[in-house]
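Report on the structure given below.
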Amino acid sequence: MARGYRLVLPPPWRRINLLTDLEPQVDEIVERGARLIPKEISPDQAGPLKRQMRARLLTQVVDARERGGLDFYFTDGEQHGFAYNATFVVSGLVTSTLDAADVADALTEQFRRGADPVEIRDVLWARREFTETGEMTPDGKEPVAARRVDYMTAVPDDPRRWIMVTFSTIADGDPEGRLSALVVQLFDAMMTTWSWTSEPTG
């Protein structure tokens, strides 16, 4: 029976395990990121930057865990000269008792709503891609539009357990642009490496 999963993560992607203590993981990431702060920036300036970085990342991962997240993935740095500005969350959901027919009906409903069927290593997933606009910020700033991709499927051999993978990127600020499309393609390529394991994801 599948109890975990594996993904091949190319750089600059990193993972935070949402089922363990979050603060040490966030602190390690912030300290490593702080090494990239230009040396000409004084400690008085670098301190607030680190605190802002820590608060922003901790808010993201706490929110993801509260929404049922198991793992939080984010891009840490640049690749090929550009920043991805992307994240995705793997979440788990336990439903009432379902059988294989119920799973097929649930996926069919997702397809009816506009999702596409995607097969990854003999498991059928529902994939939905759309543009999402966030809410207006308290200080009146315009919401940032993002390109979002959701994957959803039932865990093999246990139809009560479902997995949702929620991806989002702002890329260069244009959710319909070429860079956003490229980052989505890279994420889709990562999803093709998804494999189920008999051991919990560590």
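All residue names refer to the structure tokens as shown: chains lettered A, B, ... in order, residues numbered from 1 in each chain, ligands numbered from 1 in order.
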
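If you count only C-alpha atoms and ignore residues fewer than 3 places along the chain from Thr197 in chain A, what sits within 9 Å of it is A:Met1, A:Ala2, A:Arg3, A:Gly4, A:Tyr5, A:Arg6, A:Pro200, A:Thr201.
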
Shell around Trp13 in chain A at 12 Å using only C-alpha atoms, local window under 3 positions removed, as a PDB file with N, CA, C and O atoms, in the first residue's frame:
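And here's selection39.pdb as it stands now:
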ATOM      1  N   LEU A   7       9.609  12.555  -5.566  1.00  0.00           N
ATOM      2  CA  LEU A   7       9.666  13.467  -6.700  1.00  0.00           C
ATOM      3  C   LEU A   7      11.131  13.781  -6.985  1.00  0.00           C
ATOM      4  O   LEU A   7      11.913  13.940  -6.046  1.00  0.00           O
ATOM      5  N   VAL A   8      11.472  13.882  -8.239  1.00  0.00           N
ATOM      6  CA  VAL A   8      12.807  14.336  -8.606  1.00  0.00           C
ATOM      7  C   VAL A   8      12.785  15.861  -8.647  1.00  0.00           C
ATOM      8  O   VAL A   8      12.011  16.459  -9.390  1.00  0.00           O
ATOM      9  N   LEU A   9      13.621  16.489  -7.801  1.00  0.00           N
ATOM     10  CA  LEU A   9      13.644  17.944  -7.687  1.00  0.00           C
ATOM     11  C   LEU A   9      14.906  18.507  -8.325  1.00  0.00           C
ATOM     12  O   LEU A   9      15.995  18.329  -7.793  1.00  0.00           O
ATOM     13  N   PRO A  10      14.771  19.195  -9.443  1.00  0.00           N
ATOM     14  CA  PRO A  10      15.950  19.861 -10.007  1.00  0.00           C
ATOM     15  C   PRO A  10      16.219  21.154  -9.243  1.00  0.00           C
ATOM     16  O   PRO A  10      15.312  21.708  -8.610  1.00  0.00           O
ATOM     17  N   ILE A  16      10.149  21.701   2.203  1.00  0.00           N
ATOM     18  CA  ILE A  16       9.977  21.832   3.649  1.00  0.00           C
ATOM     19  C   ILE A  16       8.924  20.805   4.075  1.00  0.00           C
ATOM     20  O   ILE A  16       7.809  20.787   3.534  1.00  0.00           O
ATOM     21  N   PHE A  72       5.875  21.466   1.487  1.00  0.00           N
ATOM     22  CA  PHE A  72       5.883  22.765   0.810  1.00  0.00           C
ATOM     23  C   PHE A  72       7.161  22.844  -0.012  1.00  0.00           C
ATOM     24  O   PHE A  72       8.256  22.610   0.504  1.00  0.00           O
ATOM     25  N   TYR A  73       7.028  23.145  -1.294  1.00  0.00           N
ATOM     26  CA  TYR A  73       8.172  23.245  -2.194  1.00  0.00           C
ATOM     27  C   TYR A  73       8.281  24.676  -2.718  1.00  0.00           C
ATOM     28  O   TYR A  73       7.266  25.308  -3.031  1.00  0.00           O
ATOM     29  N   PHE A  74       9.503  25.154  -2.832  1.00  0.00           N
ATOM     30  CA  PHE A  74       9.703  26.517  -3.309  1.00  0.00           C
ATOM     31  C   PHE A  74      11.026  26.601  -4.063  1.00  0.00           C
ATOM     32  O   PHE A  74      11.892  25.727  -3.937  1.00  0.00           O
ATOM     33  N   THR A  75      11.163  27.651  -4.854  1.00  0.00           N
ATOM     34  CA  THR A  75      12.407  27.861  -5.591  1.00  0.00           C
ATOM     35  C   THR A  75      13.323  28.739  -4.768  1.00  0.00           C
ATOM     36  O   THR A  75      12.927  29.791  -4.275  1.00  0.00           O
ATOM     37  N   ASP A  76      14.548  28.284  -4.615  1.00  0.00           N
ATOM     38  CA  ASP A  76      15.527  28.955  -3.759  1.00  0.00           C
ATOM     39  C   ASP A  76      16.694  29.416  -4.630  1.00  0.00           C
ATOM     40  O   ASP A  76      17.654  28.688  -4.829  1.00  0.00           O
ATOM     41  N   GLY A  77      16.554  30.621  -5.193  1.00  0.00           N
ATOM     42  CA  GLY A  77      17.605  31.133  -6.064  1.00  0.00           C
ATOM     43  C   GLY A  77      17.196  31.110  -7.528  1.00  0.00           C
ATOM     44  O   GLY A  77      16.023  30.947  -7.867  1.00  0.00           O
ATOM     45  N   GLU A  78      18.171  31.251  -8.397  1.00  0.00           N
ATOM     46  CA  GLU A  78      17.928  31.338  -9.828  1.00  0.00           C
ATOM     47  C   GLU A  78      18.490  30.117 -10.557  1.00  0.00           C
ATOM     48  O   GLU A  78      19.345  29.406 -10.039  1.00  0.00           O
ATOM     49  N   GLN A  79      17.970  29.921 -11.764  1.00  0.00           N
ATOM     50  CA  GLN A  79      18.528  28.913 -12.652  1.00  0.00           C
ATOM     51  C   GLN A  79      18.512  29.492 -14.064  1.00  0.00           C
ATOM     52  O   GLN A  79      17.511  30.084 -14.500  1.00  0.00           O
ATOM     53  N   ALA A  83      14.728  33.959 -11.988  1.00  0.00           N
ATOM     54  CA  ALA A  83      14.067  33.406 -10.812  1.00  0.00           C
ATOM     55  C   ALA A  83      12.698  32.868 -11.217  1.00  0.00           C
ATOM     56  O   ALA A  83      11.962  33.522 -11.953  1.00  0.00           O
ATOM     57  N   TYR A  84      12.364  31.679 -10.734  1.00  0.00           N
ATOM     58  CA  TYR A  84      11.095  31.067 -11.091  1.00  0.00           C
ATOM     59  C   TYR A  84       9.907  31.752 -10.406  1.00  0.00           C
ATOM     60  O   TYR A  84       8.816  31.805 -10.938  1.00  0.00           O
ATOM     61  N   ASN A  85      10.116  32.217  -9.163  1.00  0.00           N
ATOM     62  CA  ASN A  85       9.017  32.788  -8.375  1.00  0.00           C
ATOM     63  C   ASN A  85       7.833  31.817  -8.329  1.00  0.00           C
ATOM     64  O   ASN A  85       6.717  32.153  -8.729  1.00  0.00           O
ATOM     65  N   ALA A  86       8.100  30.614  -7.839  1.00  0.00           N
ATOM     66  CA  ALA A  86       7.077  29.574  -7.859  1.00  0.00           C
ATOM     67  C   ALA A  86       7.103  28.752  -6.578  1.00  0.00           C
ATOM     68  O   ALA A  86       8.139  28.635  -5.918  1.00  0.00           O
ATOM     69  N   THR A  87       5.945  28.193  -6.240  1.00  0.00           N
ATOM     70  CA  THR A  87       5.818  27.282  -5.106  1.00  0.00           C
ATOM     71  C   THR A  87       4.805  26.199  -5.475  1.00  0.00           C
ATOM     72  O   THR A  87       3.988  26.370  -6.383  1.00  0.00           O
ATOM     73  N   PHE A  88       4.868  25.078  -4.752  1.00  0.00           N
ATOM     74  CA  PHE A  88       3.746  24.141  -4.801  1.00  0.00           C
ATOM     75  C   PHE A  88       3.657  23.395  -3.488  1.00  0.00           C
ATOM     76  O   PHE A  88       4.645  23.260  -2.747  1.00  0.00           O
ATOM     77  N   LEU A 186       7.967  23.212 -16.799  1.00  0.00           N
ATOM     78  CA  LEU A 186       8.972  22.607 -15.930  1.00  0.00           C
ATOM     79  C   LEU A 186       8.318  21.877 -14.764  1.00  0.00           C
ATOM     80  O   LEU A 186       8.741  20.781 -14.361  1.00  0.00           O
ATOM     81  N   PHE A 187       7.278  22.475 -14.197  1.00  0.00           N
ATOM     82  CA  PHE A 187       6.553  21.818 -13.105  1.00  0.00           C
ATOM     83  C   PHE A 187       5.888  20.534 -13.599  1.00  0.00           C
ATOM     84  O   PHE A 187       5.961  19.487 -12.938  1.00  0.00           O
ATOM     85  N   MET A 190       8.327  17.859 -13.728  1.00  0.00           N
ATOM     86  CA  MET A 190       8.616  17.321 -12.398  1.00  0.00           C
ATOM     87  C   MET A 190       7.540  16.335 -11.969  1.00  0.00           C
ATOM     88  O   MET A 190       7.839  15.289 -11.374  1.00  0.00           O
TER      89      MET A 190
END

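The shortest atom-to-atom distance to Thr20 in chain A, with only C-alpha atoms taken into account, belongs to A:Asp71 out of A:Asp188, A:Asp122, A:Asp71, A:Asp174.
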
Could you list, with a cut-off of 9 Å and counting only C-alpha atoms, the residues of range 83-165 of chain A near range 56-68 of chain A, each shown with its nearest atom pair and the distance in Å rounded to one decimal, rows sorted by chain and ascending number, as a Markdown table?
| residue | atom | partner | partner_atom | distance |
| --- | --- | --- | --- | --- |
| A:Val89 | CA | A:Ala64 | CA | 7.0 |
| A:Val90 | CA | A:Gly68 | CA | 8.6 |
| A:Ser91 | CA | A:Gly68 | CA | 5.4 |
| A:Gly92 | CA | A:Gly68 | CA | 6.0 |
| A:Leu93 | CA | A:Gly68 | CA | 7.1 |

Kindly indicate which residue among A:Asp99, A:Asp157, A:Asp44, A:Glu176 lies nearest to Glu129 in chain A, using only C-alpha atoms for the distances. A:Glu176

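Distances to Ile170 in chain A were evaluated for A:Thr108, A:Thr131, A:Ser42, A:Gln25 using only C-alpha atoms, and the minimum falls at A:Thr131.
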
Rank nothing, just name the residue among A:Ala145, A:Ala55, A:Leu124, A:Ala100 nearest to Gly173 in chain A, using only C-alpha atoms. A:Ala145

Check the DSSP output for the backbone and give back, as a ChimeraX atom specification, the residues of range 31-195 of chain A in strand (DSSP E). /A:69-75,78-79,82-83,86-94,116-120,123-133,145-155,158-169,195

Contacts of Asp150 in chain A within 6 Å, only C-alpha atoms, excl. fewer than 3 positions in-chain, as a PyMOL selection string: chain A and resi 127-128+165-166

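The interatomic distance for the pair CA of Ala146 in chain A and CA of Pro175 in chain A works out to 5.3 Å.
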
Shell of 12 Å around Pro159 in chain A, only C-alpha atoms, local chain residues under 4 positions omitted, as a PDB file with C-alpha atoms, in the first residue's frame:
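Saved result, around_35.pdb, follows:
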ATOM      1  CA  MET A   1       0.000   0.000   0.000  1.00  0.00           C
ATOM      2  CA  ALA A   2       1.267   3.470  -0.892  1.00  0.00           C
ATOM      3  CA  LEU A  93      -7.277  14.583   2.270  1.00  0.00           C
ATOM      4  CA  VAL A  94      -9.113  11.697   3.925  1.00  0.00           C
ATOM      5  CA  THR A  95     -12.694  11.169   2.735  1.00  0.00           C
ATOM      6  CA  SER A  96     -15.498   8.859   3.755  1.00  0.00           C
ATOM      7  CA  THR A  97     -15.258   5.262   2.581  1.00  0.00           C
ATOM      8  CA  LEU A  98     -14.947   5.125  -1.200  1.00  0.00           C
ATOM      9  CA  ASP A  99     -14.447   2.326  -3.675  1.00  0.00           C
ATOM     10  CA  ALA A 100     -12.904   2.301  -7.132  1.00  0.00           C
ATOM     11  CA  ALA A 101     -16.199   3.280  -8.799  1.00  0.00           C
ATOM     12  CA  ASP A 102     -16.570   6.285  -6.490  1.00  0.00           C
ATOM     13  CA  VAL A 103     -13.031   7.385  -7.333  1.00  0.00           C
ATOM     14  CA  ALA A 104     -13.818   7.165 -11.053  1.00  0.00           C
ATOM     15  CA  ASP A 105     -16.968   9.232 -10.522  1.00  0.00           C
ATOM     16  CA  ALA A 106     -15.049  11.853  -8.520  1.00  0.00           C
ATOM     17  CA  LEU A 107     -12.380  12.191 -11.206  1.00  0.00           C
ATOM     18  CA  THR A 153      -5.827  11.788  -7.504  1.00  0.00           C
ATOM     19  CA  ALA A 154      -6.727   9.031  -5.067  1.00  0.00           C
ATOM     20  CA  VAL A 155      -3.874   7.152  -3.402  1.00  0.00           C
ATOM     21  CA  ILE A 163      -3.551  13.797  -2.822  1.00  0.00           C
TER      22      ILE A 163
END

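The smallest atom-to-atom distance between Arg147 in chain A and any of A:Asn17, A:Gln110, A:Ser198, A:Gln185, using only C-alpha atoms, is found for A:Gln185.
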
Sel. of alpha helix (DSSP H) residues, chain A, as a ChimeraX atom specification: /A:22-34,43-66,100-112,178-191

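Between CA of Arg121 in chain A and CA of Ala189 in chain A lies a distance of 13.1 Å.
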
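If you measure from each of A:Ala46, A:Trp162, A:Gly202, A:Arg148 to Ala181 in chain A using only C-alpha atoms, the closest one turns out to be A:Arg148.
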
What's the separation between CA of Ser195 in chain A and CA of Glu28 in chain A, in Å to one decimal place? 27.9 Å
